[in-house]
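Coordinates from model14.cif are shown below (mmCIF, C-alpha atoms).
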data_entry
loop_
_atom_site.label_atom_id
_atom_site.label_comp_id
_atom_site.auth_asym_id
_atom_site.auth_seq_id
_atom_site.Cartn_x
_atom_site.Cartn_y
_atom_site.Cartn_z
CA MET A 1341 6.36 -26.68 -49.79
CA LYS A 1342 9.19 -25.85 -47.42
CA LYS A 1343 6.84 -23.97 -45.09
CA LEU A 1344 4.38 -26.86 -45.04
CA SER A 1345 7.19 -29.33 -44.22
CA LEU A 1346 8.34 -27.14 -41.32
CA LEU A 1347 4.74 -26.89 -40.03
CA LEU A 1348 4.35 -30.67 -40.10
CA ALA A 1349 7.69 -31.24 -38.37
CA PHE A 1350 6.77 -28.77 -35.63
CA SER A 1351 3.36 -30.43 -35.12
CA LEU A 1352 4.96 -33.85 -34.71
CA ALA A 1353 7.52 -32.56 -32.22
CA PHE A 1354 4.80 -30.83 -30.22
CA LEU A 1355 2.63 -33.97 -30.27
CA PHE A 1356 5.32 -36.27 -28.89
CA SER A 1357 6.55 -33.76 -26.27
CA VAL A 1358 3.08 -33.28 -24.79
CA MET A 1359 2.40 -37.03 -24.83
CA ALA A 1360 5.68 -37.62 -23.01
CA GLN A 1361 4.82 -35.02 -20.37
CA GLU A 1362 1.37 -36.49 -19.76
CA ASN A 1363 2.70 -40.05 -19.49
CA SER A 1364 5.41 -38.99 -17.03
CA ARG A 1365 2.91 -37.57 -14.56
CA VAL A 1366 2.66 -39.40 -11.22
CA VAL A 1367 -0.60 -39.37 -9.32
CA SER A 1368 -0.23 -39.70 -5.57
CA SER A 1369 -2.55 -41.72 -3.39
CA GLU A 1370 -4.04 -38.50 -2.08
CA THR A 1371 -5.09 -37.30 -5.56
CA THR A 1372 -8.85 -37.36 -5.98
CA GLN A 1373 -8.50 -37.96 -9.74
CA ASN A 1374 -7.50 -41.58 -10.46
CA GLU A 1375 -4.50 -41.76 -12.76
CA ASN A 1376 -6.48 -43.85 -15.34
CA ASP A 1377 -9.59 -41.66 -15.45
CA GLY A 1378 -10.37 -40.50 -18.98
CA LYS A 1379 -8.07 -43.08 -20.66
CA ASN A 1380 -9.77 -45.13 -23.35
CA TRP A 1381 -9.73 -46.12 -27.01
CA PHE A 1382 -12.33 -44.59 -29.31
CA LEU A 1383 -13.59 -45.00 -32.88
CA GLY A 1384 -15.42 -42.35 -34.91
CA VAL A 1385 -17.19 -42.16 -38.29
CA GLY A 1386 -18.88 -39.18 -39.84
CA LEU A 1387 -20.24 -37.41 -42.90
CA GLN A 1388 -18.13 -34.47 -44.07
CA GLY A 1389 -18.65 -31.47 -46.32
CA ASN A 1390 -15.60 -29.91 -48.01
CA VAL A 1391 -14.83 -26.55 -49.62
CA TYR A 1392 -11.60 -26.16 -51.58
CA VAL A 1393 -9.97 -22.76 -51.06
CA ASN A 1394 -7.36 -21.55 -53.59
CA ASP A 1395 -6.33 -18.11 -54.80
CA ASN A 1396 -9.40 -17.95 -57.05
CA ALA A 1397 -11.65 -18.24 -53.97
CA LYS A 1398 -10.93 -14.59 -53.25
CA ASP A 1399 -13.23 -13.63 -56.14
CA SER A 1400 -15.63 -16.58 -55.89
CA LYS A 1401 -18.19 -17.67 -53.29
CA VAL A 1402 -16.81 -21.19 -53.13
CA TRP A 1403 -18.53 -21.91 -49.77
CA THR A 1404 -21.85 -22.00 -51.64
CA LYS A 1405 -20.66 -25.05 -53.59
CA PRO A 1406 -19.50 -27.63 -51.00
CA SER A 1407 -18.58 -31.17 -51.96
CA LEU A 1408 -19.37 -34.32 -50.01
CA GLY A 1409 -17.01 -36.67 -48.23
CA GLY A 1410 -16.60 -38.75 -45.13
CA ASP A 1411 -14.14 -39.40 -42.36
CA ALA A 1412 -13.16 -42.10 -39.89
CA PHE A 1413 -10.69 -42.16 -37.04
CA LEU A 1414 -9.26 -44.40 -34.36
CA GLY A 1415 -7.57 -42.95 -31.32
CA LYS A 1416 -6.80 -43.12 -27.63
CA TRP A 1417 -6.97 -40.71 -24.71
CA PHE A 1418 -3.75 -40.88 -22.72
CA SER A 1419 -5.36 -38.84 -19.96
CA HIS A 1420 -8.56 -36.88 -19.55
CA LYS A 1421 -6.82 -33.96 -21.27
CA VAL A 1422 -4.48 -35.30 -23.97
CA GLY A 1423 -5.05 -37.90 -26.69
CA ALA A 1424 -4.09 -38.80 -30.24
CA ARG A 1425 -5.90 -40.32 -33.22
CA LEU A 1426 -5.25 -41.70 -36.69
CA PHE A 1427 -7.64 -39.75 -38.92
CA VAL A 1428 -8.70 -40.71 -42.47
CA GLU A 1429 -10.88 -38.55 -44.71
CA GLY A 1430 -11.88 -38.68 -48.33
CA GLY A 1431 -14.50 -37.78 -50.91
CA SER A 1432 -14.89 -35.22 -53.66
CA LEU A 1433 -13.36 -31.76 -54.12
CA HIS A 1434 -14.36 -28.98 -56.48
CA PRO A 1435 -11.62 -26.43 -57.05
CA TYR A 1436 -12.77 -23.41 -59.10
CA PHE A 1437 -10.88 -21.18 -61.52
CA ASN A 1438 -11.61 -17.94 -63.40
CA LYS A 1439 -14.42 -16.76 -61.07
CA MET A 1440 -16.01 -20.22 -61.04
CA GLN A 1441 -16.24 -20.47 -64.84
CA LEU A 1442 -13.97 -23.52 -64.76
CA LYS A 1443 -14.92 -26.20 -62.22
CA GLU A 1444 -12.64 -29.11 -61.50
CA THR A 1445 -13.96 -32.35 -60.03
CA GLU A 1446 -11.59 -34.66 -58.27
CA SER A 1447 -11.67 -37.33 -55.60
CA TYR A 1448 -9.14 -37.53 -52.79
CA ILE A 1449 -8.13 -39.54 -49.76
CA ALA A 1450 -5.89 -38.34 -46.91
CA GLY A 1451 -4.66 -39.48 -43.55
CA ARG A 1452 -3.45 -37.52 -40.53
CA LEU A 1453 -2.02 -38.15 -37.08
CA ASP A 1454 -3.70 -35.65 -34.73
CA LEU A 1455 -2.77 -34.50 -31.26
CA MET A 1456 -5.99 -33.83 -29.29
CA LEU A 1457 -6.42 -31.52 -26.31
CA ASN A 1458 -9.67 -31.57 -24.30
CA VAL A 1459 -10.08 -27.85 -23.61
CA THR A 1460 -13.08 -28.42 -21.32
CA ASN A 1461 -11.14 -30.74 -18.98
CA LEU A 1462 -8.18 -28.36 -19.13
CA PHE A 1463 -10.18 -25.66 -17.36
CA ARG A 1464 -12.72 -27.78 -15.46
CA GLN A 1465 -12.59 -30.85 -13.27
CA TYR A 1466 -12.83 -34.10 -15.22
CA SER A 1467 -16.23 -35.82 -15.24
CA PRO A 1468 -17.01 -38.95 -17.32
CA ASP A 1469 -20.69 -37.94 -17.31
CA ARG A 1470 -20.22 -34.46 -18.77
CA PHE A 1471 -22.58 -33.87 -21.72
CA TYR A 1472 -20.39 -31.50 -23.74
CA ASN A 1473 -16.65 -31.37 -24.40
CA LEU A 1474 -14.67 -29.02 -26.63
CA ILE A 1475 -11.58 -30.68 -28.13
CA ALA A 1476 -8.88 -28.90 -30.13
CA TYR A 1477 -6.65 -30.89 -32.48
CA VAL A 1478 -3.68 -30.38 -34.78
CA GLY A 1479 -1.59 -32.81 -36.78
CA PRO A 1480 0.39 -33.66 -39.93
CA GLY A 1481 -0.75 -35.95 -42.73
CA TYR A 1482 -0.56 -36.97 -46.37
CA GLY A 1483 -3.16 -37.00 -49.19
CA ASP A 1484 -3.62 -37.93 -52.86
CA THR A 1485 -6.20 -37.21 -55.60
CA PHE A 1486 -7.70 -39.52 -58.25
CA SER A 1487 -10.57 -39.60 -60.81
CA ASP A 1488 -9.81 -35.98 -61.76
CA LYS A 1489 -11.82 -34.03 -64.34
CA ASN A 1490 -10.90 -30.66 -65.82
CA ARG A 1491 -7.53 -30.59 -64.12
CA PRO A 1492 -5.53 -27.74 -65.63
CA ASP A 1493 -2.38 -29.89 -65.82
CA LYS A 1494 -4.30 -32.87 -67.30
CA LYS A 1495 -2.75 -35.16 -64.69
CA THR A 1496 -4.75 -37.94 -63.09
CA SER A 1497 -3.43 -37.46 -59.59
CA SER A 1498 -1.52 -35.17 -57.28
CA ALA A 1499 -0.08 -35.89 -53.83
CA SER A 1500 0.68 -33.47 -50.99
CA LEU A 1501 1.66 -33.35 -47.35
CA PHE A 1502 -1.22 -32.18 -45.13
CA GLY A 1503 -1.37 -29.98 -42.07
CA GLY A 1504 -4.73 -30.08 -40.27
CA ALA A 1505 -6.33 -28.34 -37.29
CA GLY A 1506 -9.81 -27.77 -35.93
CA LEU A 1507 -12.32 -28.02 -33.13
CA LEU A 1508 -14.19 -31.21 -32.28
CA ASN A 1509 -17.43 -30.75 -30.33
CA THR A 1510 -18.75 -33.89 -28.61
CA PHE A 1511 -22.18 -34.47 -27.08
CA ARG A 1512 -22.59 -37.50 -24.79
CA LEU A 1513 -25.50 -39.76 -25.74
CA SER A 1514 -24.66 -42.74 -23.50
CA ASN A 1515 -21.73 -44.24 -21.64
CA ASN A 1516 -20.18 -45.47 -24.90
CA VAL A 1517 -21.65 -43.26 -27.65
CA ALA A 1518 -21.30 -39.54 -28.34
CA LEU A 1519 -22.39 -37.29 -31.20
CA PHE A 1520 -19.65 -35.12 -32.68
CA VAL A 1521 -19.69 -31.94 -34.76
CA ASN A 1522 -16.33 -31.02 -36.27
CA ILE A 1523 -15.16 -27.73 -37.77
CA GLY A 1524 -11.66 -27.80 -39.22
CA GLY A 1525 -9.44 -27.62 -42.23
CA ASN A 1526 -6.28 -28.78 -43.99
CA ILE A 1527 -3.39 -26.95 -45.61
CA VAL A 1528 -2.10 -28.57 -48.83
CA ASN A 1529 0.36 -27.81 -51.59
CA ALA A 1530 -1.00 -25.46 -54.26
CA ASN A 1531 -0.64 -28.10 -57.03
CA PHE A 1532 -3.17 -30.34 -55.26
CA ASP A 1533 -5.85 -28.82 -57.55
CA GLY A 1534 -3.81 -29.40 -60.72
CA TRP A 1535 -2.27 -26.02 -61.04
CA LYS A 1536 1.29 -25.34 -60.00
CA ALA A 1537 2.03 -21.82 -58.83
CA GLY A 1538 4.31 -19.73 -61.01
CA GLU A 1539 3.65 -21.52 -64.33
CA GLY A 1540 1.60 -18.80 -66.03
CA ASN A 1541 -1.97 -17.66 -65.94
CA LYS A 1542 -3.47 -19.60 -68.89
CA GLU A 1543 -4.78 -23.13 -68.76
CA PRO A 1544 -2.71 -24.98 -71.39
CA THR A 1545 -5.60 -26.62 -73.28
CA THR A 1546 -8.75 -24.56 -72.72
CA GLY A 1547 -7.07 -21.17 -72.42
CA TYR A 1548 -9.06 -20.23 -69.29
CA SER A 1549 -7.49 -17.54 -67.16
CA ILE A 1550 -6.25 -19.11 -63.93
CA LYS A 1551 -5.36 -16.91 -60.96
CA ASP A 1552 -3.35 -19.07 -58.61
CA ASP A 1553 -0.16 -17.47 -57.38
CA SER A 1554 -0.15 -18.98 -53.87
CA LYS A 1555 2.08 -21.82 -52.70
CA LEU A 1556 -0.51 -23.29 -50.33
CA ASN A 1557 -4.22 -24.03 -50.63
CA GLY A 1558 -6.79 -25.02 -48.07
CA ILE A 1559 -9.59 -27.51 -47.59
CA ALA A 1560 -12.22 -26.23 -45.14
CA SER A 1561 -14.55 -28.89 -43.78
CA GLY A 1562 -17.42 -29.52 -41.43
CA ALA A 1563 -18.49 -32.96 -40.26
CA ILE A 1564 -21.09 -34.70 -38.10
CA GLY A 1565 -20.97 -38.25 -36.84
CA LEU A 1566 -20.69 -40.63 -33.93
CA ILE A 1567 -17.88 -41.59 -31.59
CA PHE A 1568 -17.80 -45.02 -29.96
CA ASN A 1569 -15.80 -45.39 -26.75
CA LEU A 1570 -14.12 -48.80 -26.75
CA GLY A 1571 -13.54 -48.93 -22.98
CA GLY A 1572 -10.72 -47.73 -20.80
CA SER A 1573 -7.67 -49.45 -19.51
CA SER A 1574 -8.09 -51.21 -16.20
CA LYS A 1575 -7.70 -48.95 -13.26
CA LYS A 1576 -4.71 -49.53 -11.07
CA GLU A 1577 -5.41 -50.08 -7.46
CA VAL A 1578 -4.10 -47.23 -5.38
CA VAL A 1579 -2.51 -48.66 -2.27
CA PRO A 1580 -2.34 -46.16 0.53
CA PRO A 1581 0.99 -45.88 2.29
CA PRO A 1582 1.32 -47.99 5.42
CA VAL A 1583 0.32 -46.34 8.62
CA VAL A 1584 3.37 -45.76 10.76
CA PRO A 1585 2.45 -46.11 14.42
CA GLN A 1586 3.20 -42.95 16.28
CA GLU A 1587 4.84 -42.97 19.66
CA GLN A 1588 2.32 -42.10 22.33
CA PRO A 1589 3.23 -38.96 24.29
CA LYS A 1590 3.96 -39.23 27.98
CA GLN A 1591 1.13 -38.34 30.32
CA TYR A 1592 1.28 -36.62 33.68
CA VAL A 1593 -1.20 -36.04 36.51
CA LEU A 1594 -2.16 -32.67 37.94
CA ALA A 1595 -3.68 -32.91 41.45
CA LEU A 1596 -5.34 -29.90 43.13
CA ARG A 1597 -6.79 -29.23 46.59
CA SER A 1598 -7.58 -26.26 48.82
CA ASN A 1599 -6.35 -25.66 52.35
CA ASP A 1600 -9.87 -24.71 53.46
CA ALA A 1601 -12.84 -26.36 51.75
CA ASN A 1602 -15.17 -23.82 53.38
CA CYS A 1603 -13.34 -20.90 51.77
CA GLY A 1604 -13.16 -21.97 48.11
CA SER A 1605 -12.98 -24.60 45.40
CA VAL A 1606 -10.39 -25.59 42.78
CA SER A 1607 -10.68 -26.98 39.21
CA GLY A 1608 -8.38 -28.10 36.40
CA ALA A 1609 -7.10 -31.38 37.80
CA GLY A 1610 -6.65 -34.34 35.47
CA THR A 1611 -4.28 -36.39 33.30
CA PHE A 1612 -2.65 -34.57 30.36
CA ASN A 1613 -0.10 -35.21 27.61
CA GLU A 1614 3.41 -33.97 28.22
CA GLY A 1615 3.78 -30.29 27.32
CA THR A 1616 0.04 -29.52 27.49
CA ARG A 1617 -0.63 -26.05 28.87
CA VAL A 1618 -3.04 -26.53 31.77
CA THR A 1619 -4.75 -24.00 33.99
CA ALA A 1620 -5.43 -24.45 37.69
CA VAL A 1621 -8.37 -22.28 38.78
CA ALA A 1622 -9.05 -21.21 42.38
CA THR A 1623 -12.47 -19.74 43.20
CA PRO A 1624 -12.85 -18.11 46.63
CA ARG A 1625 -16.18 -17.95 48.43
CA SER A 1626 -17.77 -14.95 50.08
CA GLY A 1627 -15.95 -13.92 53.22
CA CYS A 1628 -12.68 -15.47 52.06
CA ARG A 1629 -9.84 -14.49 49.78
CA PHE A 1630 -7.27 -16.39 47.74
CA VAL A 1631 -3.67 -16.11 48.93
CA ASN A 1632 -1.48 -18.24 46.61
CA TRP A 1633 -0.69 -21.63 45.08
CA THR A 1634 1.93 -23.69 46.88
CA GLU A 1635 3.73 -26.91 46.00
CA ASN A 1636 5.59 -28.79 48.72
CA GLY A 1637 5.23 -25.71 50.90
CA THR A 1638 6.76 -23.34 48.33
CA ALA A 1639 4.69 -20.55 46.79
CA VAL A 1640 4.52 -20.88 42.97
CA SER A 1641 1.87 -18.32 41.95
CA THR A 1642 -0.44 -15.68 43.39
CA SER A 1643 -2.84 -15.74 40.41
CA THR A 1644 -6.21 -17.45 40.81
CA ASN A 1645 -5.76 -18.76 37.22
CA TYR A 1646 -2.32 -20.41 37.17
CA THR A 1647 -1.32 -21.58 33.63
CA PHE A 1648 1.79 -23.65 32.91
CA PRO A 1649 3.05 -26.50 30.63
CA LEU A 1650 2.77 -29.85 32.38
CA GLY A 1651 6.10 -31.69 32.29
CA ALA A 1652 5.83 -33.81 35.44
CA ASN A 1653 3.29 -35.01 38.01
CA ARG A 1654 2.32 -32.04 40.15
CA SER A 1655 0.26 -31.52 43.30
CA LEU A 1656 -0.81 -27.94 44.05
CA VAL A 1657 -2.57 -26.46 47.06
CA ALA A 1658 -4.80 -23.37 46.81
CA ASN A 1659 -4.45 -21.36 50.02
CA TYR A 1660 -7.33 -19.23 51.29
CA GLU A 1661 -7.84 -17.07 54.35
CA ALA A 1662 -10.90 -15.56 55.94
CA ILE A 1663 -11.38 -11.87 55.44
CA PRO A 1664 -11.31 -10.24 58.97
CA THR A 1665 -14.52 -8.58 60.03
CA PRO A 1666 -13.81 -4.86 60.48
CA PRO A 1667 -14.52 -3.49 64.01
CA PRO A 1668 -17.73 -1.51 64.38
CA PRO A 1669 -17.25 2.23 64.02
CA PRO A 1670 -16.86 4.09 67.35
CA PRO A 1671 -20.03 5.72 68.63
CA PRO A 1672 -20.25 9.39 67.86
CA ALA A 1673 -18.78 11.56 70.59
CA ALA A 1674 -21.36 12.99 72.91
CA ALA A 1675 -21.96 16.66 72.54
CA VAL A 1676 -19.89 18.65 75.02
CA VAL A 1677 -22.07 20.43 77.51
CA LEU A 1678 -20.27 23.07 79.60
CA ASP A 1679 -22.11 25.10 82.14
CA PRO A 1680 -22.45 28.84 81.43
CA VAL A 1681 -20.78 31.39 83.72
CA PHE A 1682 -23.33 33.86 85.15
CA PHE A 1683 -22.58 37.43 86.24
CA ARG A 1684 -24.26 39.92 88.49
CA LEU A 1685 -26.02 42.99 87.10
CA ASP A 1686 -23.62 45.35 85.31
CA LYS A 1687 -20.59 43.27 86.49
CA SER A 1688 -17.77 41.50 84.53
CA ILE A 1689 -16.02 39.97 87.59
CA ILE A 1690 -16.29 36.19 88.02
CA ASP A 1691 -17.91 35.31 91.34
CA PRO A 1692 -16.24 32.53 93.40
CA GLU A 1693 -19.24 30.21 93.02
CA GLN A 1694 -18.94 30.54 89.21
CA GLU A 1695 -15.23 29.67 89.20
CA ILE A 1696 -15.96 25.91 89.13
CA LYS A 1697 -17.53 26.34 85.66
CA VAL A 1698 -14.40 27.99 84.28
CA GLN A 1699 -12.33 25.16 85.78
CA LYS A 1700 -14.47 22.50 84.01
CA ALA A 1701 -13.98 24.32 80.69
CA ALA A 1702 -10.21 24.24 81.31
CA GLU A 1703 -10.31 20.49 82.12
CA PHE A 1704 -12.20 19.80 78.89
CA LEU A 1705 -9.59 21.60 76.82
CA LYS A 1706 -6.77 19.73 78.55
CA SER A 1707 -8.52 16.38 77.97
CA ASN A 1708 -9.03 17.21 74.30
CA PRO A 1709 -5.80 18.80 73.07
CA SER A 1710 -7.16 19.48 69.59
CA ALA A 1711 -10.44 21.02 70.73
CA LYS A 1712 -11.22 24.71 70.65
CA LEU A 1713 -13.95 26.64 72.48
CA HIS A 1714 -16.18 29.51 71.53
CA VAL A 1715 -16.42 31.94 74.49
CA VAL A 1716 -19.44 34.23 73.91
CA GLY A 1717 -20.55 37.00 76.25
CA TYR A 1718 -24.09 38.43 76.63
CA ALA A 1719 -25.93 41.22 78.56
CA ASP A 1720 -29.57 41.58 79.52
CA VAL A 1721 -31.58 44.39 77.96
CA GLU A 1722 -32.41 45.99 81.33
CA THR A 1723 -28.79 46.63 82.23
CA ALA A 1724 -28.33 49.71 80.02
CA TYR A 1725 -28.62 50.90 76.47
CA PRO A 1726 -27.38 48.64 73.63
CA LYS A 1727 -23.95 50.19 73.12
CA TYR A 1728 -23.16 49.87 76.77
CA ASN A 1729 -24.48 46.35 76.90
CA MET A 1730 -22.24 45.40 73.89
CA ALA A 1731 -19.12 46.63 75.74
CA LEU A 1732 -20.25 44.88 78.92
CA SER A 1733 -20.65 41.53 77.12
CA GLN A 1734 -17.15 42.02 75.64
CA ARG A 1735 -15.63 42.54 79.09
CA ARG A 1736 -17.36 39.43 80.41
CA SER A 1737 -16.06 37.27 77.48
CA LYS A 1738 -12.50 38.55 78.00
CA ALA A 1739 -12.69 37.99 81.77
CA VAL A 1740 -13.45 34.26 81.28
CA ALA A 1741 -10.74 33.93 78.64
CA ASN A 1742 -8.10 35.63 80.81
CA GLN A 1743 -8.95 33.27 83.67
CA LEU A 1744 -8.52 30.20 81.38
CA VAL A 1745 -5.17 31.47 80.08
CA LYS A 1746 -3.58 32.91 83.20
CA LYS A 1747 -4.89 30.59 85.88
CA TYR A 1748 -5.27 27.28 84.01
CA GLY A 1749 -2.57 27.65 81.34
CA ILE A 1750 -4.84 27.29 78.29
CA ASP A 1751 -3.31 28.48 74.99
CA SER A 1752 -5.21 31.60 73.92
CA SER A 1753 -5.24 30.33 70.29
CA ARG A 1754 -7.67 27.63 71.41
CA LEU A 1755 -10.20 30.23 72.51
CA ILE A 1756 -12.45 32.00 70.06
CA LEU A 1757 -13.98 35.11 71.71
CA ASP A 1758 -17.24 36.70 70.74
CA TRP A 1759 -19.85 39.05 72.34
CA LYS A 1760 -23.43 39.79 71.47
CA GLY A 1761 -24.51 42.52 73.89
CA ASP A 1762 -28.27 42.45 74.21
CA THR A 1763 -28.81 41.71 70.53
CA VAL A 1764 -29.20 38.00 71.35
CA GLN A 1765 -30.97 36.78 74.46
CA PRO A 1766 -30.22 33.04 74.94
CA PHE A 1767 -32.60 32.70 77.93
CA SER A 1768 -36.21 33.68 78.38
CA VAL A 1769 -35.54 34.85 81.95
CA ASN A 1770 -33.91 38.25 81.67
CA GLU A 1771 -31.52 37.87 84.66
CA LYS A 1772 -29.94 34.75 83.05
CA ASN A 1773 -28.79 36.69 80.03
CA ARG A 1774 -25.94 38.20 82.11
CA VAL A 1775 -23.74 35.26 81.01
CA VAL A 1776 -20.78 33.83 79.14
CA MET A 1777 -21.48 30.56 77.29
CA PHE A 1778 -19.11 27.85 75.96
CA SER A 1779 -19.45 25.79 72.76
CA GLU A 1780 -16.93 23.51 71.01
CA ASN A 1781 -15.60 24.76 67.72
CA LYS A 1782 -16.09 22.00 65.07
#
Could you express the structure from this file as structure tokens?
Amino acid sequence: MKKLSLLLAFSLAFLFSVMAQENSRVVSSETTQNENDGKNWFLGVGLQGNVYVNDNAKDSKVWTKPSLGGDAFLGKWFSHKVGARLFVEGGSLHPYFNKMQLKETESYIAGRLDLMLNVTNLFRQYSPDRFYNLIAYVGPGYGDTFSDKNRPDKKTSSASLFGGAGLLNTFRLSNNVALFVNIGGNIVNANFDGWKAGEGNKEPTTGYSIKDDSKLNGIASGAIGLIFNLGGSSKKEVVPPPVVPQEQPKQYVLALRSNDANCGSVSGAGTFNEGTRVTAVATPRSGCRFVNWTENGTAVSTSTNYTFPLGANRSLVANYEAIPTPPPPPPPAAAVVLDPVFFRLDKSIIDPEQEIKVQKAAEFLKSNPSAKLHVVGYADVETAYPKYNMALSQRRSKAVANQLVKKYGIDSSRLILDWKGDTVQPFSVNEKNRVVMFSENK
């Protein structure tokens, strides 16, 4: 009995604490769920089947012998999750003793105050049109028996505190009607069936063996019925907070132009809020190039995309300049043509009439300080045999070079000497192959 009293006290404390928490909730104007959604009164009636469970039920299939009863309840949802109801049930009970050899028949009536929690809305968004809801409940109560037959203690009644819990399954049929299927049970004092624990194991009058050593018994039940929604409380109008006019930000003008409309264009001008990051863009045309942005004659940026926060009226100028046309490349230098120096047969002495050709070669070298000359000597095949002709062409090449160095002051490092003898004949006329020829070293 002490345990049952503690259970009931705990249930009541839990019920009122949760109700207080739900009622203290404040729903802001931005909440999509109206604070009154799911709040309404409801009334339910149903047909109930009961099975009395005592210590003797351990050896007996008591669930095969249910008794009939009914229930009714009136309640209110305080939110779409939490509600409470006043629950009344009654009907017949059939406790069994001595492996169902002794059957007691009694009638009872009980009332409970249940805390209800809509488990479906706890985990899903509330919807008044949802077909199915699972509701858990728990609560304390009180019950009494009457019209008893075969009670072991021969009393006509027995009262007990109740502790009930279960699952209520609801199925929406219309806006105001729902079908319910309930599975639950009650915990009662062990003497509710007429036998008090600890008073022996023989029924005083009949002598039947009674096995009932527990302090608490149970009443398992299942019910089906209808719930009628009695309407919800009027919804409170949610007044949005007043709109506070915001101070308009200051606006500034950005003006752009180019110093030469033929060389490029600019973009990005306009009116902007204070602090806006704007970008002035300068696009040069072919043949021109961008130089810089200036403001009041002062250069502020050399980037074609100039980005800055606008904090005052500004007027920028994009400066362009024409790209100079490069001068045409100089014509290629004409090939240097220097006259060859001819010699007489088997001679390596420069004749006076050939001296003018050596002088022109010297003038060319002086006019072109970085130029160098090949000085190549030859001999005709009729002069002598090849070895002799090779030495003769060498003497002729050195004679011209010595004249350029000693008479005209040409640096010998600018002269590249060579001789071919009669191995190469530059002219088809044999007499002309007694020669020294010049060519520029490139």
Extract, using only C-alpha atoms, all DNA, RNA and protein residues at most 7 Å from Ala1702 of chain A, discarding same-chain residues fewer than 5 positions from it, and format them as JSON, numbers by chain. {"A": [1744, 1748, 1750]}
On this structure, the PyMOL selection byres ((chain A and resi 1463-1467) around 12) would catch which residues? List them as a PyMOL selection string, sorted by chain and number. chain A and resi 1372-1379+1419-1421+1457-1462+1468-1475+1512+1515
Could you pull the residues within 9 Å of Ser1407 of chain A, counting all atoms listed in the file, minus those fewer than 5 positions along the same chain, as an MDAnalysis selection string? chainID A and resid 1388:1392 1431:1434
Let me make sure I understand: among A:Thr1623, A:Thr1445, A:Ser1737, A:Thr1611, which one has the smallest atom-to-atom distance to Phe1778 of chain A if we use all atoms listed in the file? A:Ser1737
Point (5.9, -27.4, 47.1), cut-off 12 Å, counting only C-alpha atoms, residues as a VMD selection string: chain A and resid 1632 to 1641 1654 to 1658
Which residues of segment 1658-1722 of chain A have any atom within 10 Å of an atom in segment 1755-1767 of chain A when counting all atoms listed in the file, and what is the closest pair of atoms for each, with the distance in Å to one decimal? Order the rows by chain and rising number and write it as a Markdown table.
| residue | atom | partner | partner_atom | distance |
| --- | --- | --- | --- | --- |
| A:Leu1705 | CA | A:Leu1755 | CA | 9.7 |
| A:Ala1711 | CA | A:Leu1755 | CA | 9.4 |
| A:Lys1712 | CA | A:Leu1755 | CA | 5.9 |
| A:Leu1713 | CA | A:Leu1755 | CA | 5.2 |
| A:His1714 | CA | A:Ile1756 | CA | 4.7 |
| A:Val1715 | CA | A:Leu1757 | CA | 4.9 |
| A:Val1716 | CA | A:Asp1758 | CA | 4.6 |
| A:Gly1717 | CA | A:Trp1759 | CA | 4.5 |
| A:Tyr1718 | CA | A:Gly1761 | CA | 4.9 |
| A:Ala1719 | CA | A:Gly1761 | CA | 5.1 |
| A:Asp1720 | CA | A:Asp1762 | CA | 5.5 |
| A:Val1721 | CA | A:Asp1762 | CA | 5.4 |
| A:Glu1722 | CA | A:Asp1762 | CA | 9.0 |
I need the residue nearest Arg1491 of chain A from this list: A:Ser1514, A:Ser1447, A:Ser1768, A:Ser1643. Use only C-alpha atoms for the distance.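 That would be A:Ser1447, the residue with the smallest distance to Arg1491 of chain A.
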Just give me the residues with any atom within 7 Å of (-6.5, -32.2, -34.1), file coordinates, counting all atoms listed in the file, written as a list in words. Asp1454, Leu1455, Met1456, Ala1476, Tyr1477, Val1478, Gly1479, Gly1504, Ala1505 and Gly1506 of chain A
Distance atom CA of Thr1404 of chain A-atom CA of Ala1530 of chain A, one decimal place?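 That distance, rounded to one decimal, is 21.3 Å.
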Pull out every residue that the PyMOL selection byres ((chain A and resi 1521) around 9) matches in the shown coordinates and put them as a PyMOL selection string. chain A and resi 1386+1507-1511+1519-1520+1522-1523+1562-1566
Can you tell me, as a list in words, what residues are no more than 8 Å from Pro1680 of chain A when counting only C-alpha atoms, ignoring any on the same chain fewer than 3 positions away?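 The contact residues come out as Lys1697, Val1775, Val1776, Met1777 and Phe1778 of chain A.
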Point out the residue among A:Arg1425, A:Trp1403, A:Glu1771, A:Val1393 with the least atom-to-atom distance to Phe1532 of chain A, counting all atoms listed in the file.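 The answer is A:Val1393, which sits nearest to Phe1532 of chain A.
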Which of A:Ala1739, A:Cys1603, A:Asn1645, A:Asn1490 sits closest to Thr1619 of chain A [using only C-alpha atoms]: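 Closest to Thr1619 of chain A, using only C-alpha atoms: A:Asn1645.
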Grab the atom CA of Gln1734 of chain A to atom CA of Lys1782 of chain A distance for me, in Å with one decimal place. 22.7 Å
In Å, with one decimal, what is the gap from atom CA of Glu1587 of chain A to atom CA of Phe1648 of chain A?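 Between these atoms lies a distance of 23.6 Å.
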Hey, can I get the axis-aligned box for segment 1402-1405 of chain A? All listed atoms, 5 Å padding on each side, centre and edge lengths in Å to one decimal, as lines of an AutoDock Vina configuration file.
center_x = -19.3
center_y = -23.1
center_z = -51.7
size_x = 15.0
size_y = 13.9
size_z = 13.8
Report as a list in words the full result of the PyMOL selection byres ((chain A and resi 1605) around 12) when it is applied to this structure.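 Evaluating the PyMOL selection byres ((chain A and resi 1605) around 12) on these coordinates yields Leu1596, Arg1597, Ser1598, Asn1599, Asp1600, Ala1601, Asn1602, Cys1603, Gly1604, Val1606, Ser1607, Gly1608, Ala1609, Ala1620, Val1621, Ala1622, Thr1623, Pro1624, Arg1625, Ser1626, Cys1628, Arg1629, Phe1630, Thr1644, Val1657, Ala1658, Asn1659 and Tyr1660 of chain A.
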